[in-house]
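Okay, protein02.cif now, which holds mmCIF, C-alpha atoms:
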```cif
data_model
loop_
_atom_site.group_PDB
_atom_site.id
_atom_site.type_symbol
_atom_site.label_atom_id
_atom_site.label_comp_id
_atom_site.auth_asym_id
_atom_site.auth_seq_id
_atom_site.Cartn_x
_atom_site.Cartn_y
_atom_site.Cartn_z
ATOM 1 C CA MET A 6 111.922 91.463 63.734
ATOM 2 C CA PRO A 7 114.815 90.065 65.851
ATOM 3 C CA PRO A 8 113.604 88.780 69.261
ATOM 4 C CA ARG A 9 116.027 91.014 71.199
ATOM 5 C CA LEU A 10 114.800 94.116 69.394
ATOM 6 C CA TYR A 11 111.182 93.089 69.993
ATOM 7 C CA LEU A 12 111.793 92.614 73.735
ATOM 8 C CA PHE A 13 113.610 95.950 73.851
ATOM 9 C CA LEU A 14 110.619 97.717 72.274
ATOM 10 C CA LEU A 15 108.313 96.082 74.822
ATOM 11 C CA SER A 16 110.518 97.341 77.640
ATOM 12 C CA GLU A 17 110.235 100.867 76.245
ATOM 13 C CA SER A 18 106.480 100.768 76.901
ATOM 14 C CA ILE A 19 107.375 102.602 80.135
ATOM 15 C CA LEU A 20 107.339 105.701 77.904
ATOM 16 C CA PHE A 21 103.535 105.449 77.616
ATOM 17 C CA PRO A 22 102.811 106.307 81.273
ATOM 18 C CA LEU A 23 105.661 108.824 81.203
ATOM 19 C CA ILE A 24 104.056 110.718 78.320
ATOM 20 C CA ALA A 25 100.597 110.425 79.893
ATOM 21 C CA GLY A 26 101.987 111.749 83.172
ATOM 22 C CA LEU A 27 103.596 114.713 81.465
ATOM 23 C CA VAL A 28 100.284 115.480 79.742
ATOM 24 C CA ARG A 29 98.520 115.430 83.133
ATOM 25 C CA LEU A 30 101.401 116.975 85.090
ATOM 26 C CA ARG A 31 99.388 119.953 86.351
ATOM 27 C CA ARG A 32 96.701 117.661 87.698
ATOM 28 C CA ILE A 33 99.278 115.327 89.255
ATOM 29 C CA ARG A 34 100.863 118.212 91.156
ATOM 30 C CA LYS A 35 97.529 118.955 92.830
ATOM 31 C CA SER A 36 96.531 115.340 93.462
ATOM 32 C CA SER A 37 97.537 112.345 95.580
ATOM 33 C CA TYR A 38 99.235 110.655 92.614
ATOM 34 C CA GLN A 39 102.648 112.291 92.924
ATOM 35 C CA PRO A 40 104.334 109.150 94.365
ATOM 36 C CA PHE A 41 103.002 107.134 91.433
ATOM 37 C CA PHE A 42 104.384 109.537 88.852
ATOM 38 C CA ILE A 43 107.739 109.545 90.658
ATOM 39 C CA LEU A 44 107.577 105.742 90.379
ATOM 40 C CA VAL A 45 107.135 106.075 86.602
ATOM 41 C CA LEU A 46 110.101 108.458 86.385
ATOM 42 C CA THR A 47 112.185 106.052 88.481
ATOM 43 C CA GLY A 48 111.191 103.205 86.159
ATOM 44 C CA VAL A 49 112.408 105.156 83.124
ATOM 45 C CA LEU A 50 115.698 105.914 84.870
ATOM 46 C CA ALA A 51 116.073 102.262 85.878
ATOM 47 C CA GLU A 52 115.635 101.148 82.263
ATOM 48 C CA ILE A 53 118.427 103.521 81.175
ATOM 49 C CA VAL A 54 120.778 102.451 83.976
ATOM 50 C CA SER A 55 120.075 98.759 83.314
ATOM 51 C CA ALA A 56 120.845 99.146 79.616
ATOM 52 C CA ILE A 57 124.136 100.888 80.419
ATOM 53 C CA MET A 58 125.138 98.232 82.972
ATOM 54 C CA ILE A 59 124.371 95.414 80.560
ATOM 55 C CA GLN A 60 126.613 97.075 77.972
ATOM 56 C CA ARG A 61 129.409 97.824 80.465
ATOM 57 C CA ILE A 62 129.508 94.784 82.778
ATOM 58 C CA GLY A 63 127.167 92.314 81.134
ATOM 59 C CA GLY A 64 124.502 92.311 83.857
ATOM 60 C CA ASN A 65 121.962 94.536 85.586
ATOM 61 C CA ALA A 66 121.296 92.688 88.848
ATOM 62 C CA ILE A 67 122.632 95.488 91.060
ATOM 63 C CA ALA A 68 120.568 98.144 89.268
ATOM 64 C CA ASN A 69 117.431 96.006 89.482
ATOM 65 C CA ASN A 70 117.889 95.196 93.164
ATOM 66 C CA VAL A 71 118.309 98.872 94.034
ATOM 67 C CA TYR A 72 115.348 99.831 91.840
ATOM 68 C CA PHE A 73 113.127 97.184 93.463
ATOM 69 C CA LEU A 74 113.780 98.767 96.866
ATOM 70 C CA PHE A 75 112.823 102.225 95.574
ATOM 71 C CA GLU A 76 109.819 100.717 93.810
ATOM 72 C CA TRP A 77 108.541 99.271 97.068
ATOM 73 C CA LEU A 78 109.082 102.519 99.002
ATOM 74 C CA LEU A 79 107.321 104.627 96.369
ATOM 75 C CA ILE A 80 104.362 102.264 96.090
ATOM 76 C CA ALA A 81 104.039 102.101 99.879
ATOM 77 C CA TRP A 82 104.083 105.920 99.891
ATOM 78 C CA GLN A 83 101.360 105.933 97.239
ATOM 79 C CA PHE A 84 99.099 103.668 99.291
ATOM 80 C CA GLN A 85 99.698 105.881 102.305
ATOM 81 C CA ALA A 86 98.649 108.894 100.197
ATOM 82 C CA TRP A 87 95.454 107.000 99.325
ATOM 83 C CA GLY A 88 94.746 106.537 103.020
ATOM 84 C CA LEU A 89 95.534 102.847 103.464
ATOM 85 C CA LEU A 90 95.544 101.915 107.182
ATOM 86 C CA ARG A 91 95.165 105.592 108.037
ATOM 87 C CA SER A 92 93.736 104.703 111.442
ATOM 88 C CA ARG A 93 96.472 102.116 112.072
ATOM 89 C CA LYS A 94 99.630 103.999 111.170
ATOM 90 C CA SER A 95 101.919 101.859 113.329
ATOM 91 C CA LEU A 96 100.858 98.727 111.443
ATOM 92 C CA PHE A 97 101.385 100.465 108.107
ATOM 93 C CA TYR A 98 104.923 101.552 109.023
ATOM 94 C CA ILE A 99 105.772 98.043 110.251
ATOM 95 C CA LEU A 100 104.530 96.568 106.959
ATOM 96 C CA ALA A 101 106.453 99.212 104.988
ATOM 97 C CA ALA A 102 109.679 98.635 106.929
ATOM 98 C CA ALA A 103 109.617 94.818 106.958
ATOM 99 C CA PRO A 104 110.548 94.359 103.262
ATOM 100 C CA CYS A 105 113.329 96.942 103.666
ATOM 101 C CA LEU A 106 114.805 94.833 106.460
ATOM 102 C CA VAL A 107 114.597 91.743 104.250
ATOM 103 C CA TRP A 108 116.318 93.687 101.443
ATOM 104 C CA VAL A 109 119.203 94.701 103.736
ATOM 105 C CA ILE A 110 119.663 91.164 105.071
ATOM 106 C CA GLU A 111 119.396 89.485 101.679
ATOM 107 C CA ASN A 112 121.425 91.927 99.595
ATOM 108 C CA LEU A 113 123.933 93.418 102.016
ATOM 109 C CA VAL A 114 124.364 90.983 104.911
ATOM 110 C CA PHE A 115 124.403 87.899 102.667
ATOM 111 C CA GLY A 116 125.960 89.776 99.732
ATOM 112 C CA GLN A 117 123.307 88.784 97.190
ATOM 113 C CA ILE A 118 123.028 92.211 95.563
ATOM 114 C CA VAL A 119 124.913 90.980 92.484
ATOM 115 C CA LEU A 120 122.267 88.270 92.015
ATOM 116 C CA PHE A 121 118.522 88.317 91.439
ATOM 117 C CA SER A 122 117.603 87.431 95.009
ATOM 118 C CA PRO A 123 114.006 86.246 95.335
ATOM 119 C CA TYR A 124 112.925 86.669 98.954
ATOM 120 C CA PHE A 125 112.584 90.440 99.045
ATOM 121 C CA GLN A 126 110.883 90.481 95.652
ATOM 122 C CA VAL A 127 108.273 87.876 96.548
ATOM 123 C CA PHE A 128 107.631 89.537 99.919
ATOM 124 C CA TYR A 129 107.034 93.057 98.652
ATOM 125 C CA CYS A 130 105.118 91.868 95.583
ATOM 126 C CA PHE A 131 102.772 89.963 97.881
ATOM 127 C CA LEU A 132 102.240 93.052 100.065
ATOM 128 C CA ILE A 133 101.481 95.235 97.035
ATOM 129 C CA VAL A 134 98.867 92.737 95.828
ATOM 130 C CA LEU A 135 97.386 92.650 99.330
ATOM 131 C CA PHE A 136 97.294 96.461 99.528
ATOM 132 C CA SER A 137 95.721 96.677 96.059
ATOM 133 C CA VAL A 138 92.971 94.165 96.854
ATOM 134 C CA ASN A 139 92.237 95.988 100.118
ATOM 135 C CA THR A 140 91.983 99.329 98.290
ATOM 136 C CA ILE A 141 89.670 97.926 95.607
ATOM 137 C CA ASN A 142 87.441 96.306 98.241
ATOM 138 C CA PHE A 143 87.181 99.661 100.012
ATOM 139 C CA MET A 144 86.190 101.397 96.768
ATOM 140 C CA ILE A 145 83.549 98.794 95.970
ATOM 141 C CA THR A 146 82.005 98.761 99.457
ATOM 142 C CA HIS A 147 81.929 102.560 99.606
ATOM 143 C CA ASP A 148 79.923 102.779 96.377
ATOM 144 C CA TYR A 149 82.497 104.364 94.100
ATOM 145 C CA ARG A 150 80.979 105.070 90.679
ATOM 146 C CA ARG A 151 82.649 104.475 87.315
ATOM 147 C CA LEU A 152 85.409 102.289 88.713
ATOM 148 C CA PHE A 153 86.969 101.685 85.297
ATOM 149 C CA GLY A 154 87.329 105.437 84.883
ATOM 150 C CA ASN A 155 88.920 105.804 88.310
ATOM 151 C CA THR A 156 92.706 106.241 88.372
ATOM 152 C CA THR A 157 93.199 104.523 91.724
ATOM 153 C CA PHE A 158 91.153 101.505 90.640
ATOM 154 C CA LEU A 159 93.050 101.133 87.354
ATOM 155 C CA VAL A 160 96.443 101.453 89.051
ATOM 156 C CA CYS A 161 95.469 98.799 91.620
ATOM 157 C CA ILE A 162 94.269 96.441 88.866
ATOM 158 C CA ALA A 163 97.590 96.926 87.066
ATOM 159 C CA PHE A 164 99.485 96.312 90.321
ATOM 160 C CA ILE A 165 97.622 93.035 90.885
ATOM 161 C CA ILE A 166 98.267 91.800 87.334
ATOM 162 C CA TYR A 167 101.936 92.779 87.371
ATOM 163 C CA PHE A 168 102.971 91.759 90.859
ATOM 164 C CA VAL A 169 101.108 88.445 90.874
ATOM 165 C CA TYR A 170 102.936 87.627 87.675
ATOM 166 C CA ARG A 171 106.220 88.836 89.206
ATOM 167 C CA ILE A 172 105.803 86.226 91.952
ATOM 168 C CA ILE A 173 105.234 83.541 89.316
ATOM 169 C CA PHE A 174 108.159 84.906 87.284
ATOM 170 C CA ASN A 175 110.498 84.696 90.273
ATOM 171 C CA TRP A 176 109.542 81.060 90.795
ATOM 172 C CA ALA A 177 110.190 80.329 87.108
ATOM 173 C CA TYR A 178 113.507 82.194 87.104
ATOM 174 C CA GLN A 179 114.844 80.471 90.217
ATOM 175 C CA THR A 180 113.677 77.098 88.887
ATOM 176 C CA SER A 181 115.334 77.728 85.521
ATOM 177 C CA LEU A 182 118.705 78.201 87.244
ATOM 178 C CA LYS A 183 118.623 74.478 88.011
ATOM 179 C CA GLY A 184 117.430 73.623 84.535
ATOM 180 C CA ALA A 185 115.050 75.491 82.244
ATOM 181 C CA THR A 186 111.877 73.818 81.039
ATOM 182 C CA GLN A 187 109.433 74.833 78.343
ATOM 183 C CA THR A 188 107.060 76.130 81.009
ATOM 184 C CA THR A 189 109.629 78.264 82.853
ATOM 185 C CA SER A 190 110.962 79.643 79.569
ATOM 186 C CA LEU A 191 107.440 80.652 78.515
ATOM 187 C CA ILE A 192 106.741 82.330 81.867
ATOM 188 C CA ILE A 193 110.010 84.277 81.687
ATOM 189 C CA THR A 194 109.336 85.388 78.105
ATOM 190 C CA MET A 195 105.772 86.448 78.924
ATOM 191 C CA MET A 196 107.054 88.841 81.600
ATOM 192 C CA SER A 197 107.855 91.408 78.892
ATOM 193 C CA TYR A 198 104.262 91.285 77.627
ATOM 194 C CA ILE A 199 102.816 91.610 81.132
ATOM 195 C CA ASN A 200 105.108 94.578 81.718
ATOM 196 C CA ALA A 201 103.898 96.236 78.503
ATOM 197 C CA LEU A 202 100.235 95.589 79.393
ATOM 198 C CA THR A 203 100.796 97.099 82.833
ATOM 199 C CA ASN A 204 102.382 100.217 81.358
ATOM 200 C CA VAL A 205 99.437 100.689 78.992
ATOM 201 C CA ILE A 206 97.020 100.484 81.947
ATOM 202 C CA PHE A 207 99.217 102.934 83.873
ATOM 203 C CA ALA A 208 99.044 105.377 80.953
ATOM 204 C CA ILE A 209 95.243 105.114 80.751
ATOM 205 C CA ALA A 210 95.023 105.579 84.525
ATOM 206 C CA LEU A 211 97.117 108.742 84.475
ATOM 207 C CA LEU A 212 94.987 110.224 81.709
ATOM 208 C CA GLN A 213 91.916 109.627 83.907
ATOM 209 C CA ILE A 214 93.157 111.870 86.742
ATOM 210 C CA PRO A 215 90.335 114.391 87.298
ATOM 211 C CA ARG A 216 90.728 118.130 87.417
ATOM 212 C CA PRO A 217 91.084 119.565 90.919
ATOM 213 C CA GLN A 218 87.726 120.631 92.279
ATOM 214 C CA LYS A 219 87.195 124.340 92.725
ATOM 215 C CA PHE A 220 85.542 125.374 95.950
ATOM 216 C CA THR A 221 83.575 128.592 96.121
ATOM 217 C CA LEU A 222 81.938 130.324 99.057
ATOM 218 C CA LYS A 223 78.248 130.961 98.679
#
```
Rewritten as structure tokens:
Amino acid sequence: MPPRLYLFLLSESILFPLIAGLVRLRRIRKSSYQPFFILVLTGVLAEIVSAIMIQRIGGNAIANNVYFLFEWLLIAWQFQAWGLLRSRKSLFYILAAAPCLVWVIENLVFGQIVLFSPYFQVFYCFLIVLFSVNTINFMITHDYRRLFGNTTFLVCIAFIIYFVYRIIFNWAYQTSLKGATQTTSLIITMMSYINALTNVIFAIALLQIPRPQKFTLK
């Protein structure tokens, strides 16, 4: 199989969580996972737009930079829906707004939107990992049962895997601009596999969304 076709098929793994989300759509509508499913839908749209831009202008930097901003906002919204920093809302909003400010400065003020600018990406990836670790710690300390069957836990695990690797990937990509090495080339290539693994975990997580509980008066 040609390498380009293989990488393309890996990128289409975003369809797995999309299909899983559609299967569990009724449950999603009545749960706190709506921001996450919107994130999946946005990811599918971003893949389509990126493919079109590559065909039309030979690059997808603008599409990716815009998508990364929406990705951050949707994930921040999801953590808010899960109750992260519920008692410290001002801190949460400051943390949510800070990457947006970096995005504006980096992409609009300095005109880097046509490039793969690293600062915003590393910043928001780091915050997502931090939020995910905090959420998992809360679940463990509050005696959550069957963690590996818990949608929130699985999504946070996938976030940690993906966004830690995204930080490493950004280092490798920026380094390769000055001269690619075998190590940076391997890291860049492996990003497609990490992305596919993450999408599989996302799909499993969405299928684990429980039915809404029915309350009855006795």
Exercise for review: Rank A:Ile118, A:Ala201, A:Ala102, A:Leu211 by their smallest atom-to-atom distance to A:Ile24, using all atoms listed in the file, and report the top residue only.
Suggested key: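 The shortest atom-to-atom distance to A:Ile24 comes from A:Leu211.
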Check your understanding: With all atoms listed in the file as the basis for distance, which of A:Leu106, A:Val54, A:Ile33, A:Met195 is at the shortest distance from A:Phe174?
Key -> A:Met195
Practice item. Please measure the separation of atom CA of A:Val28 and atom CA of A:Ala163, giving the value in Å to one decimal. Key: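 Spanning atom CA of A:Val28 to atom CA of A:Ala163 is a straight-line distance of 20.1 Å.
The shell of residues at most 6 Å from stretch 63-76 of chain A, with all atoms listed in the file counted and near chain neighbours (fewer than 5 positions) removed, consists of Ser55, Met58, Ile118, Val119, Leu120 and Phe121 of chain A.
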Practice item. Could you tell me how far atom CA of A:Ile209 lies from atom CA of A:Pro22, in Å and to one decimal? Key: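 That distance, rounded to one decimal, is 7.7 Å.
Take the candidates A:Cys130, A:Ile162, A:Leu20, A:Ala103 and check each one against A:Asn142 using only C-alpha atoms; the shortest distance goes to A:Ile162.
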Exercise for review: Identify all residues satisfying the PyMOL selection byres ((chain A and resi 190) around 12) in the given file; provide them as an MDAnalysis selection string.
Suggested key: chainID A and resid 173:182 184:189 191:196
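The interatomic distance for the pair atom CA of A:Ile110 and atom CA of A:Leu132 works out to 18.2 Å.
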Identify all residues satisfying the PyMOL selection byres ((chain A and resi 97) around 12) in the given file; provide them as a short mmCIF file (atom, residue, chain, number, x, y, z; two decimals) with C-alpha atoms, in the coordinates of the input.
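Below is the file part_19.cif, written as the result:
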```
data_model
loop_
_atom_site.label_atom_id
_atom_site.label_comp_id
_atom_site.auth_asym_id
_atom_site.auth_seq_id
_atom_site.Cartn_x
_atom_site.Cartn_y
_atom_site.Cartn_z
CA ALA A 81 104.04 102.10 99.88
CA TRP A 82 104.08 105.92 99.89
CA PHE A 84 99.10 103.67 99.29
CA GLN A 85 99.70 105.88 102.30
CA ALA A 86 98.65 108.89 100.20
CA GLY A 88 94.75 106.54 103.02
CA LEU A 89 95.53 102.85 103.46
CA LEU A 90 95.54 101.92 107.18
CA ARG A 91 95.16 105.59 108.04
CA SER A 92 93.74 104.70 111.44
CA ARG A 93 96.47 102.12 112.07
CA LYS A 94 99.63 104.00 111.17
CA SER A 95 101.92 101.86 113.33
CA LEU A 96 100.86 98.73 111.44
CA TYR A 98 104.92 101.55 109.02
CA ILE A 99 105.77 98.04 110.25
CA LEU A 100 104.53 96.57 106.96
CA ALA A 101 106.45 99.21 104.99
CA ALA A 102 109.68 98.64 106.93
CA ALA A 103 109.62 94.82 106.96
CA LEU A 132 102.24 93.05 100.06
CA PHE A 136 97.29 96.46 99.53
#
```
Check your understanding: Hey, which of A:Gln39, A:Asn200, A:Ser16, A:Thr157 ends up closest to A:Ala56? Count all atoms listed in the file.
Key ->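 Using all atoms listed in the file, the shortest distance to A:Ala56 belongs to A:Ser16.
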Selection near A:Leu30, 12 Å with all atoms listed in the file, sequence-local residues under 3 positions removed, as an mmCIF file with C-alpha atoms, in the coordinates of the input:
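Below you can see result28.cif, which holds the result:
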```cif
data_model
loop_
_atom_site.group_PDB
_atom_site.id
_atom_site.type_symbol
_atom_site.label_atom_id
_atom_site.label_comp_id
_atom_site.auth_asym_id
_atom_site.auth_seq_id
_atom_site.Cartn_x
_atom_site.Cartn_y
_atom_site.Cartn_z
ATOM 1 C CA PRO A 22 102.811 106.307 81.273
ATOM 2 C CA LEU A 23 105.661 108.824 81.203
ATOM 3 C CA ILE A 24 104.056 110.718 78.320
ATOM 4 C CA ALA A 25 100.597 110.425 79.893
ATOM 5 C CA GLY A 26 101.987 111.749 83.172
ATOM 6 C CA LEU A 27 103.596 114.713 81.465
ATOM 7 C CA ILE A 33 99.278 115.327 89.255
ATOM 8 C CA ARG A 34 100.863 118.212 91.156
ATOM 9 C CA LYS A 35 97.529 118.955 92.830
ATOM 10 C CA SER A 36 96.531 115.340 93.462
ATOM 11 C CA TYR A 38 99.235 110.655 92.614
ATOM 12 C CA GLN A 39 102.648 112.291 92.924
ATOM 13 C CA PHE A 41 103.002 107.134 91.433
ATOM 14 C CA PHE A 42 104.384 109.537 88.852
ATOM 15 C CA ILE A 43 107.739 109.545 90.658
ATOM 16 C CA LEU A 211 97.117 108.742 84.475
ATOM 17 C CA LEU A 212 94.987 110.224 81.709
ATOM 18 C CA ILE A 214 93.157 111.870 86.742
ATOM 19 C CA PRO A 215 90.335 114.391 87.298
ATOM 20 C CA ARG A 216 90.728 118.130 87.417
#
```
